[in-house]
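The file final.txt contains compact mmCIF, C-alpha atoms and all ligand atoms:
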```txt
# COMPACT_ATOMS: atom_id res chain seq x y z
CA MET A 1 0.00 0.00 0.00
CA LYS A 2 1.52 3.22 -1.12
CA LYS A 3 1.57 6.31 1.01
CA SER A 4 0.20 8.29 -1.89
CA ILE A 5 -2.96 6.29 -1.54
CA LEU A 6 -2.95 6.85 2.18
CA LYS A 7 -2.44 10.52 1.54
CA ILE A 8 -5.74 10.95 -0.28
CA SER A 9 -7.47 10.87 3.02
CA ILE A 10 -7.51 9.39 6.42
CA ILE A 11 -10.88 8.10 5.26
CA PHE A 12 -9.08 5.40 3.35
CA ILE A 13 -6.92 4.46 6.28
CA ILE A 14 -10.05 3.91 8.26
CA ILE A 15 -11.76 2.02 5.47
CA ILE A 16 -8.70 -0.14 4.98
CA MET A 17 -8.47 -0.72 8.71
CA LEU A 18 -12.09 -1.77 8.89
CA ILE A 19 -11.72 -4.11 5.96
CA THR A 20 -8.60 -5.81 7.29
CA GLY A 21 -8.89 -5.13 10.98
CA GLY A 22 -5.12 -5.21 11.03
CA PHE A 23 -1.98 -3.12 10.88
CA PHE A 24 -0.33 -2.98 7.49
CA VAL A 25 3.30 -3.23 6.74
CA THR A 26 3.77 -0.91 3.86
CA LYS A 27 4.78 -2.06 0.39
CA LEU A 28 8.35 -0.86 0.36
CA ASN A 29 11.24 -1.24 -1.94
CA MET A 30 12.41 -4.84 -1.57
CA LYS A 31 15.81 -3.63 -0.39
CA PHE A 32 14.25 -2.58 2.87
CA PRO A 33 11.51 -5.00 3.76
CA ASP A 34 11.65 -3.98 7.37
CA LYS A 35 9.30 -1.13 8.01
CA VAL A 36 5.79 -0.59 9.23
CA THR A 37 3.87 2.22 7.60
CA TYR A 38 3.70 5.57 9.33
CA GLY A 39 0.07 5.95 8.27
CA ASN A 40 -1.53 4.71 11.43
CA GLY A 41 1.30 5.43 13.85
CA THR A 42 1.78 9.10 14.49
CA ASP A 43 -1.83 10.09 15.13
CA ALA A 44 -2.19 7.49 17.84
CA ALA A 45 0.48 9.16 19.99
CA TYR A 46 0.70 12.62 21.47
CA CYS A 47 3.40 14.05 23.69
CA ALA A 48 2.41 16.16 26.64
CA ASP A 49 4.08 17.44 29.81
CA GLY A 50 6.59 14.82 30.94
CA GLY A 51 5.45 12.01 28.69
CA MET A 52 3.41 10.67 25.82
CA TYR A 53 -0.16 9.44 25.63
CA TYR A 54 -0.65 6.64 23.15
CA ILE A 55 -3.06 3.91 22.15
CA LYS A 56 -1.97 0.33 22.00
CA ASN A 57 -4.03 -2.81 21.85
CA LYS A 58 -7.32 -0.98 22.50
CA CYS A 59 -6.12 0.94 25.56
CA ILE A 60 -4.81 4.45 26.25
CA TYR A 61 -1.43 4.49 28.00
CA PHE A 62 0.82 7.20 29.38
CA LEU A 63 4.57 6.74 29.02
CA ASP A 64 6.32 8.78 31.72
CA SER A 65 9.54 10.03 30.13
CA LYS A 66 11.47 10.29 33.41
CA ASN A 67 10.97 6.84 34.87
CA GLN A 68 9.97 5.19 31.54
CA ILE A 69 6.95 3.58 33.16
CA ASN A 70 3.80 2.90 31.12
CA THR A 71 0.45 3.24 32.89
CA VAL A 72 -3.11 2.75 31.67
CA VAL A 73 -5.04 6.06 31.74
CA CYS A 74 -7.81 4.77 34.01
CA ASN A 75 -8.00 5.31 37.74
CA LYS A 76 -11.02 3.11 38.44
CA ALA A 77 -10.43 0.77 41.36
CA ASN A 78 -10.11 -2.93 40.45
CA CYS A 79 -10.61 -2.17 36.75
CA THR A 80 -9.35 -4.84 34.35
CA HIS A 81 -9.16 -2.22 31.52
CA ASN A 82 -10.91 -4.45 29.02
CA THR A 83 -14.58 -3.56 29.36
CA VAL A 84 -16.63 -0.58 28.16
CA SER A 85 -16.84 0.74 31.74
CA CYS A 86 -13.06 1.39 31.70
CA ASN A 87 -12.03 5.01 31.02
CA ALA A 88 -9.05 3.95 28.87
CA TYR A 89 -10.60 1.09 26.88
CA MET A 90 -11.20 1.63 23.14
CA GLU A 91 -13.40 -1.43 22.45
CA ASP A 92 -13.11 -2.50 18.82
CA PHE A 93 -12.72 0.99 17.36
CA GLN A 94 -10.25 1.26 14.49
CA ALA A 95 -7.37 3.72 13.99
CA PRO A 96 -8.10 5.99 16.95
CA THR A 97 -6.36 9.36 17.09
CA ILE A 98 -5.49 11.31 20.21
CA ILE A 99 -4.59 14.83 21.30
CA CYS A 100 -3.93 16.22 24.77
CA TYR A 101 -5.10 19.70 25.75
CA GLY A 102 -5.23 21.16 29.23
CA ASP A 103 -6.20 18.38 31.65
CA TYR A 104 -7.98 16.32 29.02
CA LEU A 105 -7.36 13.86 26.23
CA TYR A 106 -9.54 14.00 23.14
CA VAL A 107 -9.78 10.68 21.35
CA SER A 108 -11.52 10.12 18.04
CA LEU A 109 -12.95 6.67 17.46
CA SER A 110 -14.71 5.00 14.61
CA LYS A 111 -15.88 1.54 13.71
CA SER A 112 -17.93 0.19 10.88
CA ASN A 113 -19.08 -3.00 9.34
CA ILE A 114 -19.99 -3.84 5.77
CA SER A 115 -22.18 -6.90 5.30
CA PHE A 116 -23.62 -8.52 2.20
CA ASN A 117 -27.09 -9.87 1.64
CA ASP A 118 -27.99 -11.22 -1.84
CA GLY A 119 -25.09 -9.22 -3.27
CA GLU A 120 -26.33 -6.01 -1.64
CA ALA A 121 -23.84 -4.29 0.64
CA SER A 122 -25.03 -2.63 3.80
CA TYR A 123 -23.07 -0.43 6.17
CA THR A 124 -23.29 0.18 9.89
CA GLY A 125 -20.95 2.54 11.67
CA LEU A 126 -20.29 4.38 14.90
CA VAL A 127 -18.10 7.45 15.34
CA LYS A 128 -17.26 9.10 18.64
CA LEU A 129 -15.12 11.89 19.97
CA ASP A 130 -14.46 11.18 23.62
CA CYS A 131 -13.03 13.49 26.25
CA ILE A 132 -11.02 11.71 28.94
CA LYS A 133 -9.41 13.33 31.96
CA CYS A 134 -5.61 12.89 31.85
CA ASP A 135 -5.63 11.22 35.27
CA GLY A 136 -8.11 8.64 33.96
CA SER A 137 -10.86 9.77 36.34
CA SER A 138 -13.67 10.52 33.90
CA ARG A 139 -14.78 10.01 30.32
CA ARG A 140 -17.64 11.34 28.24
CA THR A 141 -18.63 11.58 24.57
CA ILE A 142 -18.82 15.05 23.03
CA TYR A 143 -19.70 14.02 19.46
CA SER A 144 -21.14 10.90 17.91
CA ALA A 145 -22.44 9.88 14.48
CA ASP A 146 -23.56 6.71 12.70
CA SER A 147 -21.02 6.82 9.86
CA GLY A 148 -17.65 8.17 8.80
CA ALA A 149 -14.86 9.36 11.06
CA VAL A 150 -13.29 12.33 12.83
CA THR A 151 -10.41 13.26 10.51
CA SER A 152 -8.50 16.04 12.33
CA MET A 153 -8.51 17.90 15.65
CA LYS A 154 -6.98 21.08 17.01
CA ALA A 155 -7.53 22.92 20.31
CA ILE A 156 -7.15 26.71 20.55
CA GLY A 157 -8.09 28.83 23.56
CA ASP A 158 -11.30 27.41 24.99
CA LYS A 159 -12.34 25.75 21.73
CA LEU A 160 -11.79 22.35 20.24
CA TYR A 161 -12.08 22.22 16.46
CA PHE A 162 -12.50 18.99 14.56
CA THR A 163 -13.44 17.79 11.08
CA THR A 164 -15.55 14.80 10.15
CA TRP A 165 -16.75 12.93 7.12
CA ALA A 166 -20.05 11.09 7.02
CA TYR A 167 -22.23 9.29 4.50
CA PRO A 168 -25.29 11.37 3.64
CA ASP A 169 -27.48 8.37 4.42
CA PRO A 170 -25.77 5.22 5.71
CA SER A 171 -28.90 3.15 4.94
CA GLU A 172 -28.38 4.00 1.24
CA TYR A 173 -24.78 2.82 1.31
CA VAL A 174 -23.18 1.99 -2.06
CA LEU A 175 -20.12 -0.25 -2.03
CA ASN A 176 -16.86 1.60 -2.86
CA SER A 177 -18.57 4.97 -2.96
CA PHE A 178 -16.82 7.73 -1.02
CA VAL A 179 -19.40 10.47 -1.68
CA SER A 180 -19.59 12.10 1.73
CA THR A 181 -20.46 15.19 3.76
CA GLN A 182 -17.50 17.10 5.23
CA THR A 183 -17.97 19.21 8.35
CA LEU A 184 -15.87 21.44 10.59
CA TYR A 185 -17.15 21.63 14.17
CA GLU A 186 -16.31 23.97 17.03
CA TYR A 187 -16.77 22.61 20.54
CA ASP A 188 -16.83 25.16 23.36
CA LEU A 189 -14.86 23.57 26.19
CA ARG A 190 -16.29 25.91 28.85
CA TRP A 191 -19.96 25.55 27.98
CA ASN A 192 -19.80 22.11 26.39
CA LYS A 193 -21.57 23.32 23.30
CA LEU A 194 -21.12 21.94 19.80
CA LYS A 195 -21.50 24.18 16.76
CA THR A 196 -21.16 23.53 13.02
CA VAL A 197 -18.74 26.02 11.51
CA LEU A 198 -18.54 24.80 7.94
CA GLU A 199 -20.29 22.06 6.02
CA TYR A 200 -19.85 20.72 2.52
CA PRO A 201 -22.86 18.51 1.83
CA ALA A 202 -22.35 15.28 -0.08
CA ASP A 203 -22.39 15.88 -3.82
CA GLU A 204 -22.66 13.05 -6.35
CA ASN A 205 -20.23 14.94 -8.60
CA HIS A 206 -17.59 14.85 -5.86
CA GLU A 207 -16.17 11.39 -6.10
CA ILE A 208 -13.87 11.97 -3.13
CA SER A 209 -13.66 14.98 -0.86
CA ARG A 210 -11.84 15.72 2.35
CA LEU A 211 -11.70 18.49 4.90
CA ASP A 212 -8.74 18.72 7.25
CA ILE A 213 -7.52 21.20 9.82
CA VAL A 214 -4.08 22.35 8.70
CA LYS A 215 -1.20 21.47 11.02
CA GLY A 216 1.08 24.08 12.53
CA ASN A 217 1.95 26.04 15.65
CA VAL A 218 -0.43 28.90 14.99
CA GLN A 219 -3.35 30.20 17.05
CA ASP A 220 -5.74 30.27 14.08
CA VAL A 221 -7.87 27.69 12.36
CA TYR A 222 -6.89 26.96 8.78
CA VAL A 223 -8.63 24.19 6.89
CA MET A 224 -7.96 22.47 3.63
CA TYR A 225 -10.81 21.30 1.41
CA ASP A 226 -9.87 18.87 -1.31
CA VAL A 227 -12.27 17.60 -3.97
CA TYR A 228 -11.78 15.04 -6.73
CA ASN A 229 -14.65 15.45 -9.16
CA LYS A 230 -16.25 12.78 -11.35
CA ASP A 231 -15.20 14.80 -14.43
CA GLY A 232 -11.54 14.22 -13.54
CA SER A 233 -10.83 17.67 -12.13
CA GLN A 234 -9.36 18.43 -8.73
CA ARG A 235 -9.87 21.53 -6.62
CA THR A 236 -8.01 22.27 -3.38
CA GLN A 237 -8.81 25.26 -1.21
CA LEU A 238 -6.97 26.63 1.79
CA LEU A 239 -9.36 28.55 4.05
CA LYS A 240 -8.99 30.56 7.24
CA TYR A 241 -11.66 30.71 9.92
CA ASP A 242 -11.80 34.12 11.53
CA ASP A 243 -14.53 36.25 13.08
CA ASN A 244 -17.07 33.53 12.40
CA LYS A 245 -16.40 33.50 8.69
CA MET A 246 -14.35 31.40 6.32
CA THR A 247 -12.06 33.11 3.84
CA VAL A 248 -10.40 31.38 0.90
CA ILE A 249 -6.67 32.06 1.16
CA LYS A 250 -5.50 30.02 -1.79
CA GLU A 251 -7.05 27.84 -4.45
CA TYR A 252 -5.55 25.19 -6.69
CA TYR A 253 -7.28 23.66 -9.69
CA ILE A 254 -6.26 20.79 -11.92
CA ALA A 255 -8.44 20.16 -14.98
CA ASP A 256 -7.51 16.52 -15.35
CA PHE A 257 -5.92 14.71 -12.44
CA ASN A 258 -5.44 11.62 -14.57
CA ASP A 259 -2.42 13.41 -16.05
CA SER A 260 -0.88 14.27 -12.71
CA LYS A 261 -2.74 13.66 -9.51
CA GLU A 262 -1.61 15.99 -6.75
CA TYR A 263 -1.87 15.56 -3.02
CA ILE A 264 -1.46 18.90 -1.35
CA ASP A 265 -0.68 19.50 2.30
CA PHE A 266 0.12 22.58 4.30
CA VAL A 267 1.84 23.41 7.58
CA ILE A 268 1.22 26.91 8.90
CA ASN A 269 3.41 28.38 11.63
CA GLU A 270 3.65 31.98 12.82
CA SER A 271 6.46 33.00 10.48
CA GLU A 272 6.95 30.12 8.06
CA GLN A 273 4.37 28.26 6.06
CA LEU A 274 5.02 25.12 4.10
CA GLU A 275 3.30 23.73 1.06
CA ILE A 276 3.89 20.09 0.24
CA ILE A 277 2.74 18.86 -3.13
CA GLN A 278 3.09 15.22 -3.99
CA THR A 279 2.58 14.61 -7.69
CA LEU A 280 1.73 11.09 -8.71
CA LEU A 281 3.21 10.54 -12.15
CA GLY A 282 3.11 6.79 -12.27
CA GLU A 283 2.77 3.72 -10.13
CA ALA A 284 6.08 4.20 -8.32
CA ASN A 285 7.22 7.58 -9.46
CA ASP A 286 5.98 10.22 -7.08
CA VAL A 287 7.65 13.59 -7.02
CA LEU A 288 7.28 15.60 -3.89
CA ALA A 289 7.94 19.34 -3.85
CA VAL A 290 8.27 21.38 -0.67
CA SER A 291 7.95 25.15 -0.84
CA SER A 292 8.10 27.75 1.89
CA SER A 293 6.23 31.01 2.17
CA ASN A 294 5.84 33.80 4.69
CA ASP A 295 2.72 35.43 3.24
CA CYS A 296 0.40 32.42 3.32
CA PHE A 297 1.30 31.20 -0.16
CA GLN A 298 0.70 34.43 -2.04
CA THR A 299 4.39 34.12 -2.90
CA LYS A 300 6.42 30.99 -2.31
CA LYS A 301 9.87 29.61 -2.78
CA LEU A 302 10.67 26.04 -3.80
CA MET A 303 12.96 24.50 -1.15
CA PHE A 304 13.55 20.97 -2.43
CA THR A 305 12.06 18.06 -4.35
CA ILE A 306 12.21 14.35 -3.63
CA ASP A 307 12.03 11.72 -6.37
CA ASP A 308 10.17 8.52 -5.73
CA ALA A 309 8.68 9.93 -2.57
CA HIS A 310 7.20 7.21 -0.47
CA ASP A 311 6.02 8.40 2.90
CA ILE A 312 5.43 11.56 4.93
CA ALA A 313 4.96 11.73 8.69
CA MET A 314 3.57 15.16 9.52
CA ASN A 315 3.47 16.79 12.87
CA ASP A 316 2.99 20.39 14.00
CA GLY A 317 6.70 20.72 14.75
CA TYR A 318 8.52 18.52 12.25
CA ILE A 319 8.01 16.48 9.10
CA LEU A 320 9.74 13.27 8.12
CA PHE A 321 10.05 12.56 4.41
CA VAL A 322 10.94 9.06 3.27
CA ASN A 323 11.68 7.97 -0.27
CA SER A 324 11.35 4.47 -1.68
CA ASP A 325 15.01 3.69 -1.03
CA TYR A 326 14.34 4.39 2.63
CA ASN A 327 16.24 7.65 2.68
CA LYS A 328 14.88 9.98 5.33
CA ILE A 329 14.95 13.74 5.72
CA MET A 330 13.62 15.55 8.75
CA LEU A 331 12.48 19.15 8.52
CA ASP A 332 12.12 21.18 11.70
CA CYS A 333 9.12 23.38 10.86
CA ASP A 334 9.97 26.06 13.44
CA SER A 335 13.67 26.59 12.76
CA MET A 336 13.42 25.30 9.15
CA ASN A 337 16.60 23.32 9.81
CA MET A 338 16.93 20.11 7.84
CA TYR A 339 18.52 16.84 8.86
CA PHE A 340 19.55 13.83 6.80
CA ALA A 341 19.26 10.35 8.25
CA THR A 342 22.77 8.86 8.39
CA THR A 343 21.49 6.06 6.11
CA CYS A 344 21.43 8.59 3.26
CA PHE A 345 25.24 8.45 3.23
CA GLU A 346 26.26 5.28 5.05
CA GLY A 347 24.03 2.59 3.57
CA GLU A 348 21.70 0.39 5.49
CA LYS A 349 21.19 0.88 9.16
CA TYR A 350 17.97 0.51 11.02
CA ILE A 351 16.40 3.72 12.35
CA SER A 352 13.38 3.54 14.61
CA ASP A 353 10.12 5.21 13.67
CA ILE A 354 9.54 8.51 15.44
CA LEU A 355 6.17 8.81 17.17
CA ASP A 356 6.55 12.32 18.56
CA ILE A 357 9.20 14.82 19.61
CA ASP A 358 9.34 16.92 22.76
CA GLU A 359 12.38 19.04 22.01
CA GLU A 360 11.81 21.33 25.00
CA ASN A 361 12.35 18.39 27.34
CA ASN A 362 14.96 16.77 25.08
CA ALA A 363 12.76 13.71 24.59
CA ILE A 364 11.99 11.75 21.46
CA TYR A 365 9.34 9.04 21.43
CA ILE A 366 10.09 6.14 19.16
CA ASP A 367 8.82 2.74 18.17
CA ALA A 368 11.52 0.53 19.62
CA THR A 369 10.32 -2.64 17.89
CA ASP A 370 12.85 -4.02 15.42
CA TYR A 371 10.98 -4.85 12.21
CA THR A 372 14.01 -6.24 10.39
CA GLY A 373 13.10 -9.23 8.25
CA ILE A 374 9.34 -8.64 8.23
CA LEU A 375 8.08 -8.92 4.68
CA PRO A 376 6.12 -6.21 2.90
CA GLY A 377 2.39 -6.79 3.03
CA THR A 378 2.54 -8.48 6.41
CA ILE A 379 -0.52 -7.65 8.48
CA PHE A 380 -0.35 -7.50 12.24
CA TYR A 381 -3.56 -8.12 14.10
CA GLU A 382 -2.14 -6.68 17.26
CA ASP A 383 -0.44 -3.30 17.31
CA PRO A 384 3.27 -4.27 17.19
CA LYS A 385 4.60 -0.87 18.23
CA ASN A 386 6.76 -0.80 21.31
CA GLN A 387 6.72 2.81 22.48
CA ALA A 388 9.85 4.07 24.15
CA VAL A 389 11.49 7.37 24.96
CA ALA A 390 15.03 8.32 23.98
CA ASP A 391 17.21 11.33 24.56
CA PHE A 392 16.47 13.66 21.64
CA ASP A 393 20.04 15.02 21.32
CA VAL A 394 21.59 11.55 21.47
CA PHE A 395 19.09 10.09 18.99
CA MET A 396 19.62 12.94 16.55
CA SER A 397 23.42 12.81 16.80
CA ASN A 398 23.39 9.03 16.30
CA TYR A 399 20.98 8.85 13.39
CA PHE A 400 20.71 12.29 11.80
CA ILE A 401 23.13 14.89 10.40
CA ASP A 402 22.39 18.59 10.19
CA LYS A 403 22.28 19.53 6.51
CA ALA A 404 24.34 22.65 7.30
CA SER A 405 27.28 20.47 8.36
CA VAL A 406 27.24 18.17 5.31
CA ASN A 407 29.69 18.83 2.52
CA HIS A 408 27.97 20.46 -0.46
CA ASP A 409 29.46 17.92 -2.87
CA ASP A 410 28.09 15.03 -0.81
CA ILE A 411 24.61 16.55 -1.00
CA ALA A 412 24.98 17.07 -4.76
CA LYS A 413 25.75 13.33 -5.12
CA LEU A 414 22.34 12.39 -3.73
CA THR A 415 20.25 11.57 -6.79
CA TRP A 416 16.87 11.39 -5.05
CA VAL A 417 16.74 14.87 -3.52
CA HIS A 418 17.29 18.21 -5.22
CA PHE A 419 17.73 21.45 -3.32
CA GLU A 420 17.04 24.89 -4.70
CA ASP A 421 19.88 26.95 -3.36
ZN ZN A 501 -9.84 0.75 33.43
```

What would you get if you wrote out this structure as structure tokens?
Amino acid sequence: MKKSILKISIIFIIIIMLITGGFFVTKLNMKFPDKVTYGNGTDAAYCADGGMYYIKNKCIYFLDSKNQINTVVCNKANCTHNTVSCNAYMEDFQAPTIICYGDYLYVSLSKSNISFNDGEASYTGLVKLDCIKCDGSSRRTIYSADSGAVTSMKAIGDKLYFTTWAYPDPSEYVLNSFVSTQTLYEYDLRWNKLKTVLEYPADENHEISRLDIVKGNVQDVYVMYDVYNKDGSQRTQLLKYDDNKMTVIKEYYIADFNDSKEYIDFVINESEQLEIIQTLLGEANDVLAVSSSNDCFQTKKLMFTIDDAHDIAMNDGYILFVNSDYNKIMLDCDSMNMYFATTCFEGEKYISDILDIDEENNAIYIDATDYTGILPGTIFYEDPKNQAVADFDVFMSNYFIDKASVNHDDIAKLTWVHFED
């Protein structure tokens, strides 16, 4: 499974998860048959003060970075943490995502089932956004629906914003149809009130659509609305929510995405904004272009391109780019510093997946499981990740090199990445 497919939407991750019920190992270049996809890793972990909250095997855990102890986020006496009465238990929900804000965790959950009767497919689903106290003392549901998923979340001030997709009518489900309604909600954390901010109703002409809150360390709500139309055209809009209205900041239009399908992503920080465009030219020939801007994409500057781009792990603070030969580049979105994985220059060496970074506390959260020797396409029915914390400085100095300290000629020799200097 290629990341470019994953990149269309988290919708597909969820659909794939519900079809397989398992964790994919991504289809990688045969030279490196040792990695699990990022697609369902990073959103299930979130670093907070002194540790990381994560979901493993249907339970929410907290990994304390100081003593490296994992605890279940449930403080109910005598709880076995495997029933619906447990505050940390996720039942059989697929691909949950988690953020921590204030004293609470916000966890998005979805499950669905497709059954067949006389060749007719029918769908049943359940979506929830639960609010759980960080000490595991209480849990309640702040949003629920009978189809789709929560696709992104961001908390600002006393508001929690989140996007969802949903089938217009789950009882009219059509197999392999992704025609859906996209909604941005605002949840008032003080008054516990839910409000619809923006809604794009399902449209038969929109084969696939998605609405996502843009990542970045900025105290504003930016959303991205992406539509693939039945006529082969693609429209992507970047919008800003301000003073109760949505303003289109930037619009992209492709008349025929069959020529070059583009997956566009943005990261918006206070001073620097990033635009990431992955162009799918052929089955295994993605080109990824990263541009920076400081006027919200009115003008922009190409930073670098990656050939045969395979995978992107995006976070508010950093992005990891991986190409099909398993070369990795990390971009620090705040300082705009770039780092090469040592494997770019030294050949094969295993580098753990990064789950989250807490640079302030010099901590990096990684998946410490060694996947060496696991074949592409392997499906795990239990989450194989083994969350651990490492010293950020030590990890970076062992496995990454600051681009500024690499010889210019050595960078020029890299055939898969091209910098605009
Ligand atoms: Zn419990």

I'd like a table as a tab-separated table: residues in chain A with an atom no more than 10 Å from ligand ZN 501 (chain A), each row giving the shortest atom pair and its distance in Å to one decimal, only C-alpha atoms and all ligand atoms counted, sorted by chain and rising residue number.
```
residue	atom	partner	partner_atom	distance
A:Cys59	CA	A:ZN501	ZN	8.7
A:Ile60	CA	A:ZN501	ZN	9.5
A:Val72	CA	A:ZN501	ZN	7.2
A:Val73	CA	A:ZN501	ZN	7.4
A:Cys74	CA	A:ZN501	ZN	4.5
A:Asn75	CA	A:ZN501	ZN	6.5
A:Lys76	CA	A:ZN501	ZN	5.7
A:Ala77	CA	A:ZN501	ZN	8.0
A:Asn78	CA	A:ZN501	ZN	7.9
A:Cys79	CA	A:ZN501	ZN	4.5
A:Thr80	CA	A:ZN501	ZN	5.7
A:His81	CA	A:ZN501	ZN	3.6
A:Asn82	CA	A:ZN501	ZN	6.9
A:Thr83	CA	A:ZN501	ZN	7.6
A:Val84	CA	A:ZN501	ZN	8.7
A:Ser85	CA	A:ZN501	ZN	7.2
A:Cys86	CA	A:ZN501	ZN	3.7
A:Asn87	CA	A:ZN501	ZN	5.4
A:Ala88	CA	A:ZN501	ZN	5.6
A:Tyr89	CA	A:ZN501	ZN	6.6
A:Gly136	CA	A:ZN501	ZN	8.1
A:Ser137	CA	A:ZN501	ZN	9.5
```

- Item | Nearest to A:Met153 by atom-to-atom distance, counting all atoms listed in the file, from A:Ile312, A:Val290, A:Val394, A:Ile98 |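 Closest to A:Met153, using all atoms listed in the file: A:Ile98.
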
- Task: Please measure the separation of atom CA of A:Asp242 and atom CA of A:Lys215, giving the value in Å to one decimal.
- Result: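 Separation of atom CA of A:Asp242 and atom CA of A:Lys215: 16.5 Å.
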
- With a distance cut-off of 8 Å and all atoms listed in the file, select the neighbouring residues of stretch 402-413 of chain A, excluding the residue or stretch itself and same-chain residues fewer than 6 positions from it, and output the selection as a PyMOL selection string. chain A and resi 337-340

Per-residue nearest contacts stretch 304-364 of chain A to stretch 262-272 of chain A, cut-off 10 Å, using all atoms listed in the file, as a tab-separated table:
```
residue	atom	partner	partner_atom	distance
A:Met314	CA	A:Val267	CA	8.6
A:Asn315	CA	A:Val267	CA	8.6
A:Asp316	CA	A:Val267	CA	7.2
A:Gly317	CA	A:Asn269	CA	8.9
A:Tyr318	CA	A:Val267	CA	9.5
A:Ile319	CA	A:Val267	CA	9.4
A:Cys333	CA	A:Glu272	CA	7.6
A:Asp334	CA	A:Asn269	CA	7.2
A:Ser335	CA	A:Glu272	CA	8.9
A:Met336	CA	A:Glu272	CA	8.1
```

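Near A:Asp243, within a cut-off of 12 Å and counting all atoms listed in the file, sit the residues Val197, Asp220 and Val221 of chain A, with same-chain residues fewer than 5 positions away left out.
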
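In this structure, atom CA of A:Arg140 sits 18.8 Å away from atom CA of A:Thr163.
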
- Excluding stretch 112-118 of chain A and residues on its chain fewer than 2 positions from it, collect all residues at most 9 Å away from it, counting only C-alpha atoms, and give them as a VMD selection string. chain A and resid 15 18 to 19 93 to 94 110 120 to 127 146 to 148 175

- Exercise: residues within 8 Å of coordinate (-7.9, 7.4, 20.2), counting all atoms listed in the file, as a PyMOL selection string: chain A and resi 44+54-55+60+90+95-98+106-109

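Counting all atoms listed in the file and comparing A:Glu207, A:Thr415, A:Cys100, A:Tyr252, the residue that lies closest to A:Asp325 is A:Thr415.
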
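Candidate residues A:Ile69, A:Ala309, A:Val218, A:Val179 were compared for distance to A:Gln273, and the nearest is A:Val218, using all atoms listed in the file.
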
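Comparing the minimum interatomic distances between A:Val174 and each of A:Asp231, A:Glu204, A:Thr342, A:Ala45, counting only C-alpha atoms, we find that A:Glu204 sits nearest.
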
- Item | Test item: residues at most 8 Å from A:Val227, all atoms listed in the file, excluding those fewer than 4 positions along its chain, as an MDAnalysis selection string | chainID A and resid 206:210 234:236

- Query: Which one of A:His418, A:Asn386, A:Cys296, A:Gly157 sits closest to A:Tyr222 if you count all atoms listed in the file?
  - Reply: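 Among the listed residues, the smallest separation from A:Tyr222 belongs to A:Cys296.
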
- Please provide as a ChimeraX atom specification all residues within 6 Å of A:Ser180, with the sequence filter that same-chain residues fewer than 6 positions apart are discarded (counting all atoms listed in the file). /A:166-167,202

What would stretch 222-234 of chain A look like with N, CA and C atoms in place, written as a compact mmCIF listing (two decimals), keeping the file's coordinate frame?
```
# COMPACT_ATOMS: atom_id res chain seq x y z
N TYR A 222 -6.95 27.06 10.24
CA TYR A 222 -6.89 26.96 8.78
C TYR A 222 -7.40 25.57 8.42
N VAL A 223 -8.19 25.50 7.35
CA VAL A 223 -8.63 24.19 6.89
C VAL A 223 -8.32 24.04 5.41
N MET A 224 -8.21 22.78 5.02
CA MET A 224 -7.96 22.47 3.63
C MET A 224 -9.12 21.62 3.12
N TYR A 225 -9.69 22.05 2.01
CA TYR A 225 -10.81 21.30 1.41
C TYR A 225 -10.36 20.81 0.04
N ASP A 226 -10.41 19.52 -0.13
CA ASP A 226 -9.87 18.87 -1.31
C ASP A 226 -11.00 18.08 -1.98
N VAL A 227 -11.20 18.30 -3.26
CA VAL A 227 -12.27 17.60 -3.97
C VAL A 227 -11.75 16.98 -5.25
N TYR A 228 -12.04 15.71 -5.45
CA TYR A 228 -11.78 15.04 -6.73
C TYR A 228 -13.14 14.82 -7.39
N ASN A 229 -13.34 15.50 -8.50
CA ASN A 229 -14.65 15.45 -9.16
C ASN A 229 -14.75 14.29 -10.13
N LYS A 230 -16.00 13.89 -10.41
CA LYS A 230 -16.25 12.78 -11.35
C LYS A 230 -15.74 13.12 -12.75
N ASP A 231 -15.68 14.41 -13.09
CA ASP A 231 -15.20 14.80 -14.43
C ASP A 231 -13.68 14.80 -14.53
N GLY A 232 -12.99 14.33 -13.48
CA GLY A 232 -11.54 14.22 -13.54
C GLY A 232 -10.80 15.45 -13.06
N SER A 233 -11.52 16.47 -12.62
CA SER A 233 -10.83 17.67 -12.13
C SER A 233 -10.64 17.61 -10.62
N GLN A 234 -9.69 18.40 -10.16
CA GLN A 234 -9.36 18.43 -8.73
C GLN A 234 -9.29 19.88 -8.29
```
